[in-house]
Amino acid sequence: MPANRFNGFTDYGIGIGLRIPHYAHIFEKKPVVDWFEIISENYMIDGGRPLAALDLILERYRVVQHGVSTYFGSAEPLNREHLRRLKALVKRTNAPWLTDHLCWGSVDGTYNHDLLPMPYTFEAAEITARKVREARDFLEVPIAVENVSSYAEFHMSEMTEWEFLTEVLERADCGILLDVNNIYVSSRNHYFDPYDYLNSIPAERVAQIHIAGHSKFQKYILDTHDHPVIDPVWKMYEHAIRGIGPTATLLEWDDSVPSFEEVHAEALKAKRYIQAPATAGL
Amino acid sequence: MTLLELQRRMMTAVMQPLTSSGRIAPKTADGRPMKIEAGEFITPNSRLTSLERLEIYSRSYWYRALDSLYDDFPGLRAVLGQQAFHRLSRAYLAECPSRSFTLRNLGERLAGWLQRKPQYARRRHALALDMVRLEWAHIEAFDGAAEKALGPEDLIELGPDLRAGLQPYIRLLEFEYPVDKLLIQVNRASEEHEEASNAVLRQKHNGVEQRAIRLKRERTHLAVHRMDFTVYYRRIAAEEFRILNALREGQPVGHAIQCGFENSAASLDEQRRLLETWFAAWAELGWLCPPARVKKERVTT
């Protein structure tokens with residue numbers, strides 16, 4: 001199960017996000033890490049220090065690209081300049097698969113730079129799936145879409161989030177970057193059972209998993225990536241792994257970033273679940 | 001409602017400027033109550049109204065965009081002061097929202113916008129404009145493309161009819177104020193930020209702002225370039241500035257030199273000496289590159 005056509009038939013283990021505050025530690029200590037996830041847009045540039053640092057990382061580590069602004073769910077067409085730069089980066093990193101979010105964030109050429117939630121309609125599923133297919137054909141690399149955390153729902157939705165996700169996955173024939181923390185956050189914000197979600201997704205399409213921490217506010221939970229993973233999310237992760245099998249997993253920690261050792265240790269907690277044998281389907 | 005219609009309505013609502021207390025705008029751009037607008041496409045739940053749910057996204061957008069400008073333009077902040085900078089940022093973002101997939105480019109239209117909007121910098125308009133142009137050049141020099149540099153051995157073969165290009169990451173700028181010195185002071189104060197107490201910080205911050213106020217006009221030519229991946233500001237002579245610009249525009253070396261020394265008071269001997277010095281420095285800094293692979297870029301002056 002873990003190595004499948006949606007992650008380039010790889011078996012990448014446990015990775016962490018590559019973040020600038022950790023560069024010095026990584027270059028000096030050369031720690032053993034299964035793989036790093038980079039934010040694609042940080043390296044879709046023409047030159048300078050970021051690309052030089054990335055090249056040093058690529059000499060020693062495996063890297064997967066995670067995007068934040070392809071906006072498969074925006075009604076407008078894909079941004080060709082974005083795709084051209086993304087393809088150049090794919091050639092540089094040799095990433096076996098790449099990921100971006102199942103969301104929207106641009107209209108008529110104006111960008112919001114957020115991961116805005118989709119209305120769960122058949123029209124939106126078709127538009128999104130078409131754009132995923134177009135991007136994959138152009139980039140020539142498998143694509144997995146990530147479920148986002150959300151704080152709003154729309155009157156026009158025609159199905160649940162997990163039904164919408166499945167619609168997109170099947171119409172696009174793409175993989176899923178299953179963000180367990182996002183499911184937890186959205187389940188609390190929208191009152192659904194997160195296990196209903198986990199049990200409904202097509203397990204054979206899971207290319208990668210994200211885990212992360214979040215912040216609780218009085219009336220809602222925000223996906224902030226600035227805390228350790230909480231126990232209920234680990235339990236969901238365990239449930240997911242039991243059904244899917246050991247899958248490339250990445251810990252996201254983007255704000256108030258602690259030391260490299262702390263982030264890596266938090267990520268490696270996933271091993272206790274990954275190394276347990278799969279016993280039941282989702 | 002189609003997907004496109006929903007996205008247009010939500011985007012317009014989310015990007016409507018927040019109130020001064022950081023809440024979502026009470027009205028839409030066309031004057032409708034935002035509460036009604038939100039209710040027409042967002043469902044409420046038992047804890048949050050439609051408007052409150054929309055507000056989460058609106059605040060998130062504005063804080064992210066304002067933070068991005070705050071980080072990218074510390075020099076402009078020092079020139080204007082925090083409050084005026086905040087006012088300027090809100091107005092700029094309202095009129096020039098991001099048109100790029102990356103936040104890196106959020107400030108790319110700020111200089112042009114500020115040129116047309118002197119009221120946001122008042123008496124410091126010229127100084128603010130210089131600073132914005134320098135800070136944007138810094139961003140471009142940081143991650144701009146680099147071509148293989150011409151070495152001293154290549155320059156020996158360079159005759160008056162041949163062409164040499166300028167590294168794409170280099171930005172050539174002409175200022176009314178010596179903003180390079182001011183920005184270096186601002187950045188130094190910022191680097192000391194974490195080590196200083198609040199009282200010391202306030203003192204340093206006020207010091208930088210005072211220096212910005214007292215800054216005297218001084219015509220300055222600058223090459224914003226990078227070495228070992230660090231961006232530097234190098235003062236250059238007016239003649240040197242003109243030669244480099246001409247080379248970037250694709251002029252043959254001989255013509256570029258002619259442009260550079262047009263109306264120059266320097267004697268021929270002096271010109272020869274300057275050229276030797278400049279070409280040696282450019283070769284050492286790796287500024288020159290083969291012209292064929294360099295795109296012509298609009299020169300900022």
# chains A, B, ... in the order shown; residues from 1 in each chain; ligands from 1
>>> closest_atom_pairs(of="chain A", to="chain B", cutoff="8 Å", atoms="only C-alpha atoms", output="tab-separated table")
residue	atom	partner	partner_atom	distance
A:Glu41	CA	B:Thr102	CA	6.6
A:Ile45	CA	B:Asp143	CA	6.3
A:Asp46	CA	B:Ala145	CA	4.5
A:Gly47	CA	B:Ala145	CA	4.6
A:Gly48	CA	B:Asp143	CA	4.3
A:Arg49	CA	B:Phe229	CA	5.0
A:Pro50	CA	B:Asp143	CA	7.5
A:Ser69	CA	B:Phe101	CA	5.9
A:Thr70	CA	B:Phe101	CA	7.8
A:Ser74	CA	B:Gln7	CA	7.6
A:Ala75	CA	B:Leu4	CA	5.3
A:Glu76	CA	B:Leu4	CA	7.6
A:His82	CA	B:Phe101	CA	6.9
A:Ser106	CA	B:Met11	CA	7.9
A:Val107	CA	B:Arg8	CA	6.3
A:Gly109	CA	B:Arg99	CA	5.8
A:Thr110	CA	B:Arg99	CA	4.8
A:Tyr111	CA	B:Ser98	CA	5.2
A:Asn112	CA	B:Tyr61	CA	6.5
A:His113	CA	B:Leu103	CA	7.3
A:Asp114	CA	B:Tyr61	CA	6.8
A:Leu116	CA	B:Tyr57	CA	7.9
A:Pro119	CA	B:Leu3	CA	7.6
A:Glu123	CA	B:Leu3	CA	7.2
A:Ala124	CA	B:Leu3	CA	6.1
A:Tyr151	CA	B:Arg53	CA	6.1
A:Ala152	CA	B:Arg53	CA	5.5
A:Glu153	CA	B:Ile42	CA	5.7
A:Phe154	CA	B:Ile42	CA	4.5
A:His155	CA	B:Phe41	CA	5.6
A:Met156	CA	B:Phe41	CA	7.2
A:His190	CA	B:Asn45	CA	7.6
A:Lys219	CA	B:Arg47	CA	5.9
>>> residues_around(residues="range 125-127 of chain A", least_positions_apart="3", cutoff="12 Å", atoms="only C-alpha atoms", output="number ranges by chain")
A: 71-78, 102-104, 118-122, 130-134, 157-159, 161-173; B: 2-4
>>> select_by_dssp(residues="range 78-208 of chain B", states="alpha helix (DSSP H)", output="MDAnalysis selection string")
chainID B and resid 78:80 82:95 110:116 125:143 152:156 179:191 198:208
>>> atom_distance(atom1="CA of Asp255 in chain A", atom2="CA of Asn147 in chain A")
20.0 Å
>>> residues_around(residues="Tyr237 in chain A", least_positions_apart="3", cutoff="8 Å", atoms="only C-alpha atoms", output="list in words")
Val180, Ile211, Val233, Trp234, Ala240, Ile241 and Tyr273 of chain A
>>> residues_around(residues="range 285-289 of chain B", least_positions_apart="6", cutoff="12 Å", atoms="only C-alpha atoms", output="MDAnalysis selection string")
chainID B and resid 145:152 154:155 158 163:172 223:228 232 234 243:245 247:248 250 253 278:279 295
>>> write_last_selection(atoms="C-alpha atoms", output="PDB file, in the first residue's frame")
ATOM      1  CA  ALA B 145      19.175  35.091 -11.874  1.00  0.00           C
ATOM      2  CA  ALA B 146      22.952  34.915 -12.233  1.00  0.00           C
ATOM      3  CA  GLU B 147      24.821  34.198 -15.459  1.00  0.00           C
ATOM      4  CA  LYS B 148      28.351  32.864 -15.724  1.00  0.00           C
ATOM      5  CA  ALA B 149      30.572  35.836 -14.991  1.00  0.00           C
ATOM      6  CA  LEU B 150      33.231  37.067 -17.408  1.00  0.00           C
ATOM      7  CA  GLY B 151      36.655  36.729 -15.821  1.00  0.00           C
ATOM      8  CA  PRO B 152      39.721  38.957 -16.337  1.00  0.00           C
ATOM      9  CA  ASP B 154      37.525  37.349 -20.999  1.00  0.00           C
ATOM     10  CA  LEU B 155      37.842  41.082 -20.486  1.00  0.00           C
ATOM     11  CA  LEU B 158      36.781  42.800 -24.943  1.00  0.00           C
ATOM     12  CA  ARG B 163      29.298  43.692 -26.056  1.00  0.00           C
ATOM     13  CA  ALA B 164      29.182  42.561 -22.445  1.00  0.00           C
ATOM     14  CA  GLY B 165      26.073  42.076 -20.372  1.00  0.00           C
ATOM     15  CA  LEU B 166      25.366  42.924 -16.774  1.00  0.00           C
ATOM     16  CA  GLN B 167      24.337  40.237 -14.290  1.00  0.00           C
ATOM     17  CA  PRO B 168      20.522  40.073 -14.208  1.00  0.00           C
ATOM     18  CA  TYR B 169      20.429  40.277 -10.397  1.00  0.00           C
ATOM     19  CA  ILE B 170      22.157  43.679 -10.310  1.00  0.00           C
ATOM     20  CA  ARG B 171      19.951  46.734  -9.911  1.00  0.00           C
ATOM     21  CA  LEU B 172      21.272  50.197 -10.806  1.00  0.00           C
ATOM     22  CA  ALA B 223      24.528  49.222  -7.642  1.00  0.00           C
ATOM     23  CA  VAL B 224      22.520  46.776  -5.565  1.00  0.00           C
ATOM     24  CA  HIS B 225      24.321  43.485  -6.075  1.00  0.00           C
ATOM     25  CA  ARG B 226      25.146  40.299  -4.265  1.00  0.00           C
ATOM     26  CA  MET B 227      28.253  38.376  -3.341  1.00  0.00           C
ATOM     27  CA  ASP B 228      28.292  34.961  -1.682  1.00  0.00           C
ATOM     28  CA  TYR B 232      25.302  44.685  -0.861  1.00  0.00           C
ATOM     29  CA  ARG B 234      27.842  49.703  -3.730  1.00  0.00           C
ATOM     30  CA  ILE B 243      28.280  52.885 -18.600  1.00  0.00           C
ATOM     31  CA  LEU B 244      26.729  49.969 -16.726  1.00  0.00           C
ATOM     32  CA  ASN B 245      23.260  51.029 -17.844  1.00  0.00           C
ATOM     33  CA  LEU B 247      25.986  47.774 -21.227  1.00  0.00           C
ATOM     34  CA  ARG B 248      22.755  46.404 -19.800  1.00  0.00           C
ATOM     35  CA  GLY B 250      23.092  45.983 -25.064  1.00  0.00           C
ATOM     36  CA  VAL B 253      31.536  48.547 -24.947  1.00  0.00           C
ATOM     37  CA  TRP B 278      36.053  50.012 -12.834  1.00  0.00           C
ATOM     38  CA  PHE B 279      36.523  47.119 -15.231  1.00  0.00           C
ATOM     39  CA  LYS B 295      17.512  39.631 -21.187  1.00  0.00           C
TER      40      LYS B 295
END
>>> atom_distance(atom1="CA of Asn42 in chain A", atom2="CA of Arg85 in chain A")
11.1 Å
>>> select_by_dssp(residues="range 19-258 of chain A", states="strand (DSSP E or B)", output="PyMOL selection string")
chain A and resi 35-39+63-66+98-101+104-107+110-116+143-146+154+175-179+206-212+215-216+221-222+249-252
>>> write_last_selection(atoms="C-alpha atoms", output="CSV table (one decimal), in the first residue's frame")
chain,number,residue,atom,x,y,z
A,35,TRP,CA,13.2,13.2,3.7
A,36,PHE,CA,12.5,16.8,3.7
A,37,GLU,CA,9.4,18.6,2.4
A,38,ILE,CA,10.0,22.0,0.8
A,39,ILE,CA,7.4,24.7,0.2
A,63,VAL,CA,13.0,16.1,-1.1
A,64,VAL,CA,9.3,16.3,-1.9
A,65,GLN,CA,7.6,19.5,-3.0
A,66,HIS,CA,4.6,20.9,-1.3
A,98,LEU,CA,4.3,16.7,-5.5
A,99,THR,CA,1.4,18.0,-3.5
A,100,ASP,CA,-0.7,21.1,-3.1
A,101,HIS,CA,-4.0,21.9,-1.5
A,104,TRP,CA,-8.9,28.1,-3.9
A,105,GLY,CA,-7.2,31.4,-3.4
A,106,SER,CA,-7.3,33.5,-6.6
A,107,VAL,CA,-9.9,35.1,-8.7
A,110,THR,CA,-5.9,38.5,-7.9
A,111,TYR,CA,-4.3,36.4,-5.1
A,112,ASN,CA,-5.4,36.1,-1.5
A,113,HIS,CA,-2.5,33.8,-0.4
A,114,ASP,CA,-4.8,31.8,1.8
A,115,LEU,CA,-6.1,28.2,1.5
A,116,LEU,CA,-9.8,29.1,1.1
A,143,ILE,CA,0.1,14.9,-7.9
A,144,ALA,CA,-1.6,14.4,-4.5
A,145,VAL,CA,-4.1,17.0,-3.2
A,146,GLU,CA,-4.3,17.9,0.5
A,154,PHE,CA,-21.3,27.1,2.1
A,175,GLY,CA,-3.5,10.9,-5.0
A,176,ILE,CA,-4.3,12.4,-1.7
A,177,LEU,CA,-2.0,14.0,0.9
A,178,LEU,CA,-4.1,13.1,3.9
A,179,ASP,CA,-3.7,15.8,6.5
A,206,VAL,CA,-3.1,8.0,-0.1
A,207,ALA,CA,0.4,9.1,-1.3
A,208,GLN,CA,1.4,10.9,1.9
A,209,ILE,CA,0.2,11.9,5.3
A,210,HIS,CA,0.6,15.2,7.2
A,211,ILE,CA,0.5,15.6,10.9
A,212,ALA,CA,0.7,18.9,12.8
A,215,SER,CA,-4.4,26.3,18.3
A,216,LYS,CA,-7.7,26.4,20.2
A,221,ILE,CA,-9.8,25.7,16.2
A,222,LEU,CA,-7.1,27.2,14.0
A,249,THR,CA,4.5,11.0,6.8
A,250,LEU,CA,5.5,14.5,7.4
A,251,LEU,CA,5.3,16.7,10.5
A,252,GLU,CA,4.5,20.3,9.8
>>> residues_around(residues="Phe27 in chain A", least_positions_apart="6", cutoff="10 Å", atoms="only C-alpha atoms", output="short mmCIF file (atom, residue, chain, number, x, y, z; two decimals) with C-alpha atoms, in the first residue's frame")
data_model
loop_
_atom_site.label_atom_id
_atom_site.label_comp_id
_atom_site.auth_asym_id
_atom_site.auth_seq_id
_atom_site.Cartn_x
_atom_site.Cartn_y
_atom_site.Cartn_z
CA ALA A 53 20.83 26.00 -0.02
CA LEU A 56 23.18 21.48 -0.84
CA ILE A 57 20.19 19.71 0.70
CA ARG A 60 22.35 14.51 0.75
#
>>> residues_around(residues="Pro228 in chain A", least_positions_apart="3", cutoff="12 Å", atoms="only C-alpha atoms", output="PyMOL selection string")
chain A and resi 181+211-215+223-225+231-234+251-258+262-269
>>> closest_atom_pairs(of="range 67-184 of chain B", to="range 17-23 of chain B", cutoff="9 Å", atoms="only C-alpha atoms", output="CSV")
residue,atom,partner,partner_atom,distance
B:Arg90,CA,B:Pro17,CA,7.1
B:Ala91,CA,B:Pro17,CA,8.6
B:Leu93,CA,B:Pro17,CA,8.6
B:Ala94,CA,B:Pro17,CA,6.6
>>> atom_distance(atom1="CA of Arg77 in chain B", atom2="CA of Arg19 in chain A")
26.9 Å
>>> decode(residues="range 232-249 of chain B", atoms="N, CA and C atoms", output="mmCIF file, in the first residue's frame")
data_model
loop_
_atom_site.group_PDB
_atom_site.id
_atom_site.type_symbol
_atom_site.label_atom_id
_atom_site.label_comp_id
_atom_site.auth_asym_id
_atom_site.auth_seq_id
_atom_site.Cartn_x
_atom_site.Cartn_y
_atom_site.Cartn_z
ATOM 1 N N TYR B 232 24.524 43.504 -1.252
ATOM 2 C CA TYR B 232 25.302 44.685 -0.861
ATOM 3 C C TYR B 232 24.852 45.885 -1.679
ATOM 4 N N TYR B 233 25.109 47.077 -1.107
ATOM 5 C CA TYR B 233 24.848 48.325 -1.823
ATOM 6 C C TYR B 233 26.205 48.962 -2.112
ATOM 7 N N ARG B 234 26.541 49.128 -3.388
ATOM 8 C CA ARG B 234 27.842 49.703 -3.730
ATOM 9 C C ARG B 234 27.635 51.066 -4.381
ATOM 10 N N ARG B 235 28.206 52.078 -3.767
ATOM 11 C CA ARG B 235 28.153 53.416 -4.364
ATOM 12 C C ARG B 235 28.992 53.410 -5.636
ATOM 13 N N ILE B 236 28.462 53.997 -6.687
ATOM 14 C CA ILE B 236 29.212 54.083 -7.935
ATOM 15 C C ILE B 236 29.156 55.524 -8.462
ATOM 16 N N ALA B 237 30.153 55.859 -9.281
ATOM 17 C CA ALA B 237 30.192 57.211 -9.858
ATOM 18 C C ALA B 237 29.088 57.341 -10.912
ATOM 19 N N ALA B 238 28.703 58.581 -11.185
ATOM 20 C CA ALA B 238 27.642 58.818 -12.179
ATOM 21 C C ALA B 238 28.054 58.253 -13.539
ATOM 22 N N GLU B 239 29.331 58.427 -13.902
ATOM 23 C CA GLU B 239 29.809 57.927 -15.204
ATOM 24 C C GLU B 239 29.752 56.397 -15.234
ATOM 25 N N GLU B 240 30.134 55.810 -14.138
ATOM 26 C CA GLU B 240 30.122 54.342 -14.021
ATOM 27 C C GLU B 240 28.682 53.829 -14.146
ATOM 28 N N PHE B 241 27.785 54.535 -13.500
ATOM 29 C CA PHE B 241 26.361 54.210 -13.548
ATOM 30 C C PHE B 241 25.860 54.213 -14.996
ATOM 31 N N ARG B 242 26.279 55.251 -15.747
ATOM 32 C CA ARG B 242 25.802 55.373 -17.133
ATOM 33 C C ARG B 242 26.388 54.276 -18.021
ATOM 34 N N ILE B 243 27.650 53.945 -17.794
ATOM 35 C CA ILE B 243 28.280 52.885 -18.600
ATOM 36 C C ILE B 243 27.590 51.533 -18.340
ATOM 37 N N LEU B 244 27.367 51.252 -17.069
ATOM 38 C CA LEU B 244 26.729 49.969 -16.726
ATOM 39 C C LEU B 244 25.315 49.888 -17.314
ATOM 40 N N ASN B 245 24.598 50.999 -17.248
ATOM 41 C CA ASN B 245 23.260 51.029 -17.844
ATOM 42 C C ASN B 245 23.310 50.763 -19.344
ATOM 43 N N ALA B 246 24.281 51.398 -20.000
ATOM 44 C CA ALA B 246 24.398 51.233 -21.450
ATOM 45 C C ALA B 246 24.760 49.786 -21.797
ATOM 46 N N LEU B 247 25.631 49.182 -20.989
ATOM 47 C CA LEU B 247 25.986 47.774 -21.227
ATOM 48 C C LEU B 247 24.746 46.891 -21.058
ATOM 49 N N ARG B 248 23.972 47.194 -20.035
ATOM 50 C CA ARG B 248 22.755 46.404 -19.800
ATOM 51 C C ARG B 248 21.790 46.538 -20.962
ATOM 52 N N GLU B 249 21.758 47.717 -21.549
ATOM 53 C CA GLU B 249 20.858 47.936 -22.694
ATOM 54 C C GLU B 249 21.375 47.286 -23.967
#
